[in-house]
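*Asks:* Pasting work-v1.txt here (compact mmCIF, C-alpha atoms and all ligand atoms):
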# COMPACT_ATOMS: atom_id res chain seq x y z
CA MET A 120 19.79 57.03 4.97
CA LYS A 121 22.36 58.66 7.26
CA ILE A 122 23.88 57.25 10.43
CA ILE A 123 23.22 59.58 13.33
CA SER A 124 24.77 57.64 16.21
CA ILE A 125 26.99 54.67 17.03
CA GLU A 126 26.86 53.61 20.68
CA CYS A 127 28.65 50.94 22.72
CA LEU A 128 26.27 49.10 25.06
CA LYS A 129 26.26 46.46 27.75
CA ARG A 130 23.52 43.86 28.15
CA VAL A 131 21.44 43.81 31.30
CA SER A 132 20.33 40.22 31.78
CA ARG A 133 16.62 39.53 32.08
CA PRO A 134 15.74 37.40 35.09
CA ILE A 135 13.86 34.18 34.24
CA GLY A 136 10.63 33.88 36.25
CA ASN A 137 10.81 30.24 37.23
CA PRO A 138 14.03 28.67 35.98
CA THR A 139 14.21 24.90 35.49
CA LYS A 140 16.51 23.14 37.93
CA PRO A 141 19.23 21.14 36.20
CA ARG A 142 19.12 17.39 36.71
CA ARG A 143 22.81 17.52 37.49
CA PRO A 144 25.62 20.02 37.06
CA VAL A 145 27.33 20.40 33.70
CA ASP A 146 29.95 17.69 33.24
CA ALA A 147 32.97 19.97 33.24
CA ALA A 148 35.63 17.84 31.58
CA ALA A 149 37.91 16.55 34.30
CA GLY A 150 41.11 18.54 34.26
CA GLY A 151 39.54 21.39 32.30
CA VAL A 152 40.19 22.66 28.79
CA PRO A 153 43.73 23.77 27.98
CA TYR A 154 44.62 26.94 26.08
CA PRO A 155 48.10 27.94 24.87
CA ILE A 156 48.91 29.72 28.15
CA HIS A 157 48.50 26.48 30.10
CA ILE A 158 52.07 25.62 29.36
CA TYR A 159 52.39 27.49 32.69
CA ARG A 160 50.87 25.60 35.59
CA GLU A 161 49.98 28.75 37.54
CA PHE A 162 46.88 29.22 35.36
CA SER A 163 43.76 27.20 36.14
CA ARG A 164 42.42 24.95 33.39
CA THR A 165 39.06 24.47 35.05
CA ASP A 166 38.11 28.14 35.51
CA ARG A 167 37.72 29.58 32.03
CA LYS A 168 37.26 33.08 33.44
CA ALA A 169 40.76 32.83 34.90
CA VAL A 170 42.38 32.39 31.47
CA PRO A 171 44.10 35.67 30.53
CA GLY A 172 42.89 36.89 27.14
CA GLY A 173 39.74 34.77 27.05
CA PRO A 174 36.79 36.04 25.01
CA GLY A 175 34.71 37.58 27.77
CA GLY A 176 33.47 41.15 27.85
CA GLU A 177 30.52 41.02 25.47
CA MET A 178 29.83 44.43 23.98
CA TRP A 179 26.89 45.47 21.82
CA VAL A 180 26.92 48.26 19.27
CA ARG A 181 23.74 50.13 18.35
CA ILE A 182 23.72 52.11 15.13
CA THR A 183 20.81 54.48 14.68
CA ALA A 184 19.74 55.95 11.35
CA GLU A 185 18.19 59.37 10.85
CA ASP A 186 14.64 57.95 10.81
CA GLY A 187 15.21 56.40 14.26
CA THR A 188 15.60 52.81 13.02
CA TYR A 189 18.51 51.06 14.68
CA GLY A 190 20.56 47.90 14.26
CA LEU A 191 22.44 45.85 16.85
CA GLY A 192 25.62 43.82 16.67
CA HIS A 193 27.97 42.38 19.24
CA CYS A 194 31.53 41.30 19.79
CA ASN A 195 33.81 40.18 22.63
CA TRP A 196 36.73 41.81 24.46
CA GLY A 197 34.51 44.85 24.81
CA ASP A 198 36.85 46.64 27.23
CA LEU A 199 39.45 46.76 24.46
CA ALA A 200 37.07 47.07 21.50
CA ALA A 201 34.92 49.92 22.89
CA PRO A 202 37.72 52.53 22.59
CA VAL A 203 38.23 51.54 18.94
CA VAL A 204 34.53 52.00 18.20
CA ARG A 205 34.23 55.22 20.19
CA THR A 206 37.41 57.00 19.21
CA LEU A 207 37.76 55.83 15.61
CA PHE A 208 34.78 54.12 13.97
CA ALA A 209 31.98 56.28 15.42
CA GLY A 210 33.44 59.50 14.04
CA LEU A 211 34.50 57.91 10.77
CA LEU A 212 31.05 56.51 10.01
CA ALA A 213 28.73 59.17 11.47
CA GLY A 214 26.71 61.03 8.85
CA ARG A 215 27.40 58.45 6.14
CA ASN A 216 24.91 56.25 4.29
CA CYS A 217 24.15 53.27 6.56
CA LEU A 218 23.20 51.10 3.57
CA ALA A 219 26.69 51.33 2.02
CA ILE A 220 28.01 48.44 4.09
CA GLU A 221 30.88 47.49 1.80
CA PHE A 222 32.12 51.09 1.73
CA LEU A 223 31.81 51.50 5.50
CA ASN A 224 33.74 48.29 6.10
CA ASP A 225 36.45 49.43 3.73
CA LEU A 226 36.75 52.69 5.66
CA MET A 227 37.12 50.77 8.92
CA TRP A 228 39.61 48.34 7.42
CA ARG A 229 41.80 51.02 5.82
CA SER A 230 41.73 53.23 8.90
CA THR A 231 43.11 50.46 11.12
CA GLN A 232 46.02 49.20 9.04
CA ARG A 233 48.48 51.33 11.00
CA LEU A 234 47.27 50.10 14.36
CA GLY A 235 47.46 46.43 13.68
CA GLY A 236 44.55 45.80 11.36
CA THR A 237 43.49 42.48 12.86
CA GLY A 238 43.16 41.51 16.52
CA ILE A 239 40.98 43.73 18.62
CA VAL A 240 40.09 46.11 15.80
CA SER A 241 38.57 43.15 13.91
CA SER A 242 36.41 42.47 16.94
CA ALA A 243 35.31 46.12 17.08
CA GLN A 244 34.61 46.12 13.33
CA SER A 245 32.56 42.93 13.74
CA ALA A 246 30.06 44.54 16.10
CA VAL A 247 29.70 47.61 13.87
CA ASP A 248 29.28 45.53 10.71
CA VAL A 249 26.66 43.20 12.19
CA ALA A 250 24.72 46.21 13.51
CA LEU A 251 24.77 47.66 9.99
CA TRP A 252 23.30 44.44 8.56
CA ASP A 253 20.59 44.37 11.20
CA LEU A 254 19.77 47.99 10.41
CA LYS A 255 19.70 47.35 6.66
CA GLY A 256 17.35 44.40 7.14
CA LYS A 257 15.01 46.52 9.23
CA LEU A 258 15.04 49.35 6.69
CA TYR A 259 14.37 46.90 3.83
CA LYS A 260 11.84 45.01 6.01
CA ALA A 261 13.59 41.74 5.11
CA PRO A 262 15.59 39.12 6.99
CA VAL A 263 19.34 39.45 6.50
CA TYR A 264 19.56 35.92 5.03
CA GLU A 265 17.45 37.16 2.10
CA ILE A 266 19.50 40.29 1.54
CA ILE A 267 22.75 38.30 1.35
CA GLY A 268 21.27 35.91 -1.20
CA GLY A 269 19.37 33.22 0.66
CA PRO A 270 17.63 31.28 1.87
CA CYS A 271 19.38 28.22 0.60
CA ARG A 272 17.68 25.87 3.07
CA SER A 273 14.61 25.93 5.27
CA GLU A 274 16.28 24.30 8.25
CA ILE A 275 19.88 24.36 9.40
CA ASP A 276 21.54 21.17 10.67
CA CYS A 277 23.49 21.89 13.84
CA TYR A 278 26.34 20.07 15.40
CA VAL A 279 26.64 20.51 19.11
CA THR A 280 29.76 21.30 21.12
CA ALA A 281 29.14 19.74 24.50
CA THR A 282 30.57 17.79 27.37
CA ASP A 283 27.23 16.21 28.35
CA LEU A 284 26.80 14.10 25.23
CA ASP A 285 23.82 12.20 26.62
CA TRP A 286 21.94 15.48 27.16
CA ALA A 287 22.88 16.61 23.67
CA MET A 288 21.61 13.30 22.23
CA GLU A 289 18.39 13.62 24.22
CA LEU A 290 17.87 17.05 22.62
CA GLY A 291 18.13 15.42 19.20
CA PHE A 292 21.59 16.43 18.06
CA ARG A 293 23.26 13.95 15.70
CA ALA A 294 26.74 15.48 15.34
CA PHE A 295 29.05 16.28 18.22
CA LYS A 296 32.24 18.11 19.09
CA ILE A 297 34.09 17.53 22.30
CA ASN A 298 36.76 19.54 24.03
CA ASN A 299 40.38 18.63 24.11
CA THR A 300 41.90 17.60 27.44
CA ALA A 301 45.63 17.79 26.63
CA HIS A 302 48.26 20.48 26.32
CA HIS A 303 51.45 19.59 24.48
CA SER A 304 53.33 20.10 27.74
CA ASP A 305 51.35 17.13 29.16
CA GLY A 306 53.42 14.73 27.07
CA THR A 307 52.46 11.11 26.43
CA ASP A 308 50.29 10.99 29.54
CA GLY A 309 48.15 13.75 28.02
CA ILE A 310 47.78 11.81 24.76
CA ASN A 311 46.74 8.67 26.67
CA LYS A 312 44.05 10.57 28.58
CA LEU A 313 42.84 12.32 25.44
CA GLU A 314 42.54 9.01 23.60
CA ALA A 315 40.43 7.63 26.45
CA THR A 316 38.16 10.71 26.27
CA VAL A 317 37.72 10.40 22.51
CA ALA A 318 37.16 6.63 22.71
CA ALA A 319 34.43 7.10 25.35
CA ALA A 320 32.76 9.80 23.23
CA ARG A 321 32.82 7.62 20.11
CA GLU A 322 31.35 4.75 22.09
CA LYS A 323 28.55 7.00 23.34
CA VAL A 324 27.54 8.64 20.04
CA GLY A 325 27.96 5.50 17.95
CA PRO A 326 29.92 4.79 14.77
CA ALA A 327 27.63 6.70 12.39
CA ALA A 328 27.61 10.10 14.12
CA ASP A 329 29.97 12.91 13.19
CA LEU A 330 32.45 13.43 16.02
CA MET A 331 34.94 16.30 16.17
CA LEU A 332 37.69 17.35 18.56
CA ASN A 333 38.53 20.96 19.42
CA ALA A 334 42.14 21.60 20.43
CA VAL A 335 41.99 25.42 20.78
CA MET A 336 45.64 26.01 19.79
CA SER A 337 47.03 23.88 22.63
CA PHE A 338 49.44 21.76 20.60
CA ASN A 339 52.66 22.23 18.74
CA VAL A 340 53.26 20.52 15.40
CA ASP A 341 55.01 17.44 16.76
CA TYR A 342 52.41 16.85 19.46
CA ALA A 343 49.47 17.46 17.11
CA ALA A 344 50.86 14.89 14.66
CA ARG A 345 51.21 12.34 17.45
CA VAL A 346 47.63 13.02 18.60
CA MET A 347 46.27 12.73 15.06
CA GLU A 348 48.03 9.39 14.51
CA ARG A 349 46.72 8.08 17.81
CA LEU A 350 43.14 9.22 17.13
CA ALA A 351 42.95 7.85 13.58
CA PRO A 352 40.83 4.80 14.62
CA TYR A 353 38.03 7.02 15.95
CA ASP A 354 37.04 8.43 12.57
CA LEU A 355 36.98 12.12 13.53
CA ARG A 356 34.96 14.25 11.14
CA TRP A 357 37.59 16.89 11.76
CA PHE A 358 40.40 17.83 14.11
CA GLU A 359 40.05 21.49 15.06
CA GLU A 360 42.51 24.30 15.61
CA PRO A 361 45.55 22.36 16.79
CA LEU A 362 47.91 25.34 16.33
CA PRO A 363 47.95 29.10 16.92
CA PRO A 364 46.49 31.08 14.02
CA ASN A 365 49.65 32.33 12.35
CA ASP A 366 51.24 28.91 11.95
CA THR A 367 50.13 28.16 8.38
CA LYS A 368 53.33 26.23 7.71
CA GLY A 369 52.64 24.13 10.79
CA LEU A 370 49.19 23.25 9.46
CA MET A 371 50.76 22.34 6.11
CA ALA A 372 53.14 19.99 7.93
CA LEU A 373 50.19 18.35 9.74
CA LYS A 374 48.30 17.92 6.51
CA ARG A 375 51.28 16.13 5.03
CA ALA A 376 51.88 14.04 8.16
CA VAL A 377 48.31 12.73 8.55
CA PRO A 378 46.55 13.45 5.25
CA ALA A 379 43.46 11.34 5.98
CA MET A 380 42.35 13.39 8.99
CA PRO A 381 40.40 16.53 8.01
CA LEU A 382 41.59 19.76 9.66
CA ALA A 383 39.43 22.70 10.64
CA THR A 384 40.50 26.10 11.92
CA GLY A 385 39.68 29.78 11.87
CA GLU A 386 37.95 31.01 15.02
CA ASP A 387 41.14 32.84 15.96
CA HIS A 388 41.96 33.98 12.43
CA ARG A 389 41.08 37.61 11.92
CA GLY A 390 40.07 38.91 8.53
CA ARG A 391 40.10 37.67 4.97
CA HIS A 392 43.86 37.89 4.49
CA MET A 393 44.62 35.36 7.21
CA PHE A 394 42.04 33.04 5.65
CA ARG A 395 43.47 33.62 2.18
CA ASP A 396 46.77 32.24 3.46
CA ILE A 397 45.32 28.97 4.74
CA ILE A 398 43.04 28.56 1.71
CA GLU A 399 45.91 29.04 -0.74
CA ALA A 400 48.11 26.71 1.28
CA ARG A 401 45.35 24.05 1.10
CA CYS A 402 46.16 23.01 4.65
CA VAL A 403 42.60 22.94 6.07
CA ASP A 404 39.30 21.40 5.05
CA VAL A 405 36.82 23.46 7.06
CA LEU A 406 36.98 27.24 7.63
CA GLN A 407 35.60 28.46 10.95
CA PRO A 408 35.50 32.26 11.12
CA ASP A 409 33.81 33.73 14.18
CA ILE A 410 31.55 36.54 12.98
CA ARG A 411 31.98 38.44 16.30
CA TRP A 412 35.76 38.36 16.02
CA THR A 413 36.94 38.13 12.42
CA GLY A 414 35.47 41.40 11.16
CA GLY A 415 31.73 40.76 10.94
CA LEU A 416 29.31 39.24 8.45
CA THR A 417 30.75 41.20 5.51
CA GLU A 418 34.24 39.84 6.17
CA THR A 419 32.85 36.33 6.74
CA LEU A 420 31.05 36.43 3.38
CA LYS A 421 34.38 37.24 1.70
CA ILE A 422 36.01 34.35 3.54
CA TYR A 423 33.11 32.08 2.59
CA ASN A 424 33.43 33.00 -1.09
CA MET A 425 37.16 32.33 -1.17
CA GLY A 426 36.56 29.00 0.55
CA GLU A 427 33.74 28.02 -1.74
CA ALA A 428 35.89 28.65 -4.80
CA ALA A 429 38.56 26.40 -3.30
CA GLY A 430 36.09 23.61 -2.52
CA LEU A 431 36.11 24.24 1.23
CA GLN A 432 33.20 24.41 3.64
CA THR A 433 32.73 27.35 5.95
CA ILE A 434 31.11 26.50 9.28
CA ALA A 435 31.14 29.63 11.39
CA HIS A 436 32.45 29.29 14.94
CA SER A 437 29.44 29.22 17.32
CA GLY A 438 27.33 30.20 14.31
CA GLY A 439 24.21 28.62 15.77
CA ASN A 440 24.55 30.74 18.93
CA MET A 441 24.35 34.13 17.24
CA PRO A 442 21.89 35.71 14.81
CA ALA A 443 24.45 36.60 12.13
CA GLY A 444 25.82 33.04 12.17
CA GLN A 445 22.35 31.60 11.80
CA HIS A 446 21.57 33.88 8.85
CA LEU A 447 24.87 33.03 7.14
CA SER A 448 24.10 29.34 7.63
CA ALA A 449 20.61 29.70 6.17
CA ALA A 450 21.84 31.63 3.15
CA MET A 451 24.97 29.97 1.83
CA PRO A 452 25.22 26.67 -0.11
CA GLU A 453 28.51 25.48 1.34
CA VAL A 454 27.65 26.20 4.96
CA ARG A 455 26.49 22.66 5.55
CA MET A 456 26.17 22.83 9.34
CA ALA A 457 26.07 25.36 12.13
CA GLU A 458 27.87 24.94 15.42
CA TYR A 459 25.68 25.15 18.50
CA LEU A 460 27.67 25.56 21.67
CA MET A 461 25.67 23.85 24.41
CA LEU A 462 24.68 26.46 26.96
CA SER A 463 22.24 24.51 29.10
CA ALA A 464 22.88 22.11 31.93
CA PRO A 465 21.18 18.70 31.62
CA GLY A 466 17.41 19.08 31.86
CA VAL A 467 17.26 22.83 31.25
CA PRO A 468 15.42 23.74 28.01
CA LEU A 469 17.55 25.61 25.47
CA GLU A 470 14.99 28.43 25.37
CA GLU A 471 15.86 29.27 28.99
CA VAL A 472 19.50 29.88 28.21
CA ASN A 473 18.96 31.62 24.87
CA PRO A 474 21.09 34.77 25.11
CA VAL A 475 19.27 36.68 22.36
CA PRO A 476 15.50 37.19 22.61
CA GLY A 477 13.80 36.35 19.33
CA MET A 478 16.67 34.16 18.12
CA PRO A 479 15.64 30.54 17.47
CA VAL A 480 17.26 27.65 19.34
CA PRO A 481 17.82 24.21 17.81
CA VAL A 482 14.93 21.74 17.97
CA ASN A 483 15.94 18.14 17.25
CA GLY A 484 19.33 19.52 16.20
CA LYS A 485 17.86 21.86 13.59
CA LEU A 486 17.34 25.61 13.44
CA VAL A 487 14.40 27.20 11.63
CA LEU A 488 14.64 30.95 11.09
CA SER A 489 11.74 33.36 11.02
CA ASP A 490 11.18 35.95 8.31
CA ALA A 491 11.45 38.85 10.78
CA ALA A 492 13.30 41.91 9.50
CA GLY A 493 17.03 42.28 10.14
CA PHE A 494 18.23 39.55 12.46
CA GLY A 495 14.82 39.32 14.15
CA MET A 496 16.17 40.15 17.60
CA GLU A 497 13.54 41.18 20.14
CA PHE A 498 15.48 43.25 22.62
CA ARG A 499 13.82 46.03 24.58
CA SER A 500 15.61 49.33 25.09
CA GLU A 501 15.85 48.60 28.84
CA ASP A 502 17.94 45.52 28.03
CA PHE A 503 20.95 47.78 27.48
CA VAL A 504 22.95 50.35 29.40
CA PRO A 505 25.94 52.36 28.11
CA PHE A 506 29.10 50.26 27.97
CA PRO A 507 31.26 51.38 30.90
MG MG B 1 37.14 25.70 18.36
Please go through the file and, once you have read it, give me the structure as structure tokens.
Ligand SMILES: [Mg+2]
*Replies:*
Amino acid sequence: MKIISIECLKRVSRPIGNPTKPRRPVDAAAGGVPYPIHIYREFSRTDRKAVPGGPGGEMWVRITAEDGTYGLGHCNWGDLAAPVVRTLFAGLLAGRNCLAIEFLNDLMWRSTQRLGGTGIVSSAQSAVDVALWDLKGKLYKAPVYEIIGGPCRSEIDCYVTATDLDWAMELGFRAFKINNTAHHSDGTDGINKLEATVAAAREKVGPAADLMLNAVMSFNVDYAARVMERLAPYDLRWFEEPLPPNDTKGLMALKRAVPAMPLATGEDHRGRHMFRDIIEARCVDVLQPDIRWTGGLTETLKIYNMGEAAGLQTIAHSGGNMPAGQHLSAAMPEVRMAEYLMLSAPGVPLEEVNPVPGMPVPVNGKLVLSDAAGFGMEFRSEDFVPFP
């Protein structure tokens, strides 16, 4: 079955008829969430849209086969990724067999090695790859989780990433991740405040619940080690992404410094080779590829398989918030949880903030997938316009 078109699209949001009023605004963590650039005080920590290089700019890719069937996939940084899809991937893939996903990914991967290989081209490749899987599922009239070898479970346990932990608990979540409040440039004062935040969260969720902390690359090695030592009494299930993605040796140093605290990372690692490095170095315990960023579902399956062979879990970044992440989580034995990034303010049902029509939302902290073909998305053609 030949590919006849590859288009870059932008979502048009559907208005909700009668939206639920939140009980209170989202509890934006006081002081905001630091990213690496917040070593410079000129950048706001409370306005995520003001962070240069943040993952905005959602772009969808629609791939249409010669019989008119189409598949959809999405990525971020669309302004930068769209030119890669339009000027390189669309021409490279047009006219080829849409079912040959491994071959098409290899073409994309080999064609981009001279322009960086990872980074933004991985994001562009992600959207194309996920659209190919959706298309294949529709052509085979089967859910993607079946085509990739599942299902392995009938319901997916989710952990929630949230600031309003009481709202998350009310919704039935039993595992929680909170945001970091410190940048390494905040010094000891930052560690003191972070400890107070983690202590309050542990108090709220109780001693039995999984609790994780997400540092989003805001530390250096010395600071991360100090934070890990300080947070040891709070029994973190894992400490996430303390360092920028290329610092494998830094992660190895942290693993040696505080061996009892599990480390997770990967949302900013692009492609299987970056993951191979951290797997071989045995410096992390949980791999967290983001399917929209790392190269797609095909690349994530390769990462998963390397991790599984090394005894590591893969828990895709925001996997519970996107169809491909949900299908990976349903299909694979060592994907033991999915992350659900809380999108609703307290009191607003998750269905109202569901970004993808037809995609399930967690109920009592668990996701149950349908057997709809492809990723089961229920978009209408009027939901999209050409990406500008
Ligand atoms: Mg993270």
*Asks:* Work out how far atom CA of A:Trp252 is from atom CA of A:Glu359, in Å to one decimal.
*Replies:* 29.1 Å
*Asks:* Can you tell me which residues surround A:Val152 at a distance of at most 9 Å, considering all atoms listed in the file, apart from same-chain residues fewer than 6 positions away, and format the answer as a list of chain:residue names?
*Replies:*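 That gives A:Arg164, A:Thr165, A:Asp166, A:Arg167, A:Asn298, A:Asn299, A:Thr300, A:Ala301, A:His302, A:Ala334, A:Val335.
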*Asks:* Mind listing the residues within 12 Å of ligand MG 1 (chain B), all atoms listed in the file counted, as a PyMOL selection string?
*Replies:* chain A and resi 152-154+279-281+296-299+331-337+357-364+382-388+405-409+434-438+458-460
*Asks:* Just the number, please: distance in Å from atom CA of A:Leu223 to atom CA of A:Thr417, one decimal.
*Replies:*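 If I compute the distance from atom CA of A:Leu223 to atom CA of A:Thr417, I get 10.4 Å.
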*Asks:* One number please: atom CA of A:Leu191 to atom CA of A:Asn137, in Å, one decimal.
*Replies:* 28.2 Å
*Asks:* Taking into account only C-alpha atoms, which residue in the set A:Glu497, A:Glu399, A:Asp253, A:Glu471 is nearest to A:Thr139?
*Replies:*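 Going through A:Glu497, A:Glu399, A:Asp253, A:Glu471 one by one, the smallest distance to A:Thr139 is for A:Glu471.
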*Asks:* Given all atoms listed in the file as the basis, pick out the residue of A:Lys257, A:Met496, A:Lys121, A:Leu207 nearest to A:Leu234.
*Replies:*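 Of A:Lys257, A:Met496, A:Lys121, A:Leu207, the one nearest A:Leu234 is A:Leu207, counting all atoms listed in the file.
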*Asks:* I'd like to know which of A:Arg455, A:Arg233, A:Arg160, A:Lys421 is closest to A:Arg395, using only C-alpha atoms.
*Replies:*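 Closest candidate: A:Lys421.
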*Asks:* List as a short mmCIF file (atom, residue, chain, number, x, y, z; two decimals) with C-alpha atoms, in the coordinates of the input the protein and nucleic acid residues near A:Val482, meaning an atom at most 12 Å away when only C-alpha atoms are counted, but skip any in the same chain fewer than 2 places from it.
*Replies:*
data_model
loop_
_atom_site.label_atom_id
_atom_site.label_comp_id
_atom_site.auth_asym_id
_atom_site.auth_seq_id
_atom_site.Cartn_x
_atom_site.Cartn_y
_atom_site.Cartn_z
CA GLU A 274 16.28 24.30 8.25
CA ILE A 275 19.88 24.36 9.40
CA ASP A 276 21.54 21.17 10.67
CA CYS A 277 23.49 21.89 13.84
CA TYR A 278 26.34 20.07 15.40
CA VAL A 279 26.64 20.51 19.11
CA ALA A 287 22.88 16.61 23.67
CA MET A 288 21.61 13.30 22.23
CA GLU A 289 18.39 13.62 24.22
CA LEU A 290 17.87 17.05 22.62
CA GLY A 291 18.13 15.42 19.20
CA PHE A 292 21.59 16.43 18.06
CA ARG A 293 23.26 13.95 15.70
CA GLY A 439 24.21 28.62 15.77
CA TYR A 459 25.68 25.15 18.50
CA PRO A 468 15.42 23.74 28.01
CA LEU A 469 17.55 25.61 25.47
CA GLU A 470 14.99 28.43 25.37
CA PRO A 479 15.64 30.54 17.47
CA VAL A 480 17.26 27.65 19.34
CA GLY A 484 19.33 19.52 16.20
CA LYS A 485 17.86 21.86 13.59
CA LEU A 486 17.34 25.61 13.44
CA VAL A 487 14.40 27.20 11.63
CA LEU A 488 14.64 30.95 11.09
#
*Asks:* Need to verify the contact set: A:Pro505, 12 Å, all atoms listed in the file, exclusion of same-chain residues closer than 4 positions in sequence. Can you return it as number ranges by chain?
*Replies:* A: 125-131, 178-181, 197, 201, 205, 500-501
*Asks:* When distances are computed from only C-alpha atoms, which of A:Ile239, A:Ile182, A:Ala261, A:Ala294 shows the smallest separation from A:Asn483?
*Replies:* A:Ala294
*Asks:* Nearest to A:Leu330 among A:Pro442, A:Leu350, A:Gly187, A:Asp248, with distances taken over all atoms listed in the file: which residue is it?
*Replies:*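 Smallest separation from A:Leu330 among the options: A:Leu350.
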*Asks:* Can you tell me which residues surround A:Arg215 at a distance of at most 9 Å, considering all atoms listed in the file, apart from same-chain residues fewer than 4 positions away, and format the answer as a list in words?
*Replies:*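 Non-adjacent residues within range: Met120, Lys121, Ile122, Ile123, Leu211, Ala219 and Leu223 of chain A.
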*Asks:* Name the residues in contact with A:Ala492 at a cut-off of 12 Å, using all atoms listed in the file, excluding same-chain residues fewer than 5 positions from it; report them as a count of residues only.
*Replies:* 22
*Asks:* For each of A:Thr367, A:Ser245, A:Asn311, A:Asn424, take the minimum atom-to-atom distance to A:Ile410, counting all atoms listed in the file, then give the residue where this is smallest.
*Replies:*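 Using all atoms listed in the file, A:Ile410 sits closest to A:Ser245.
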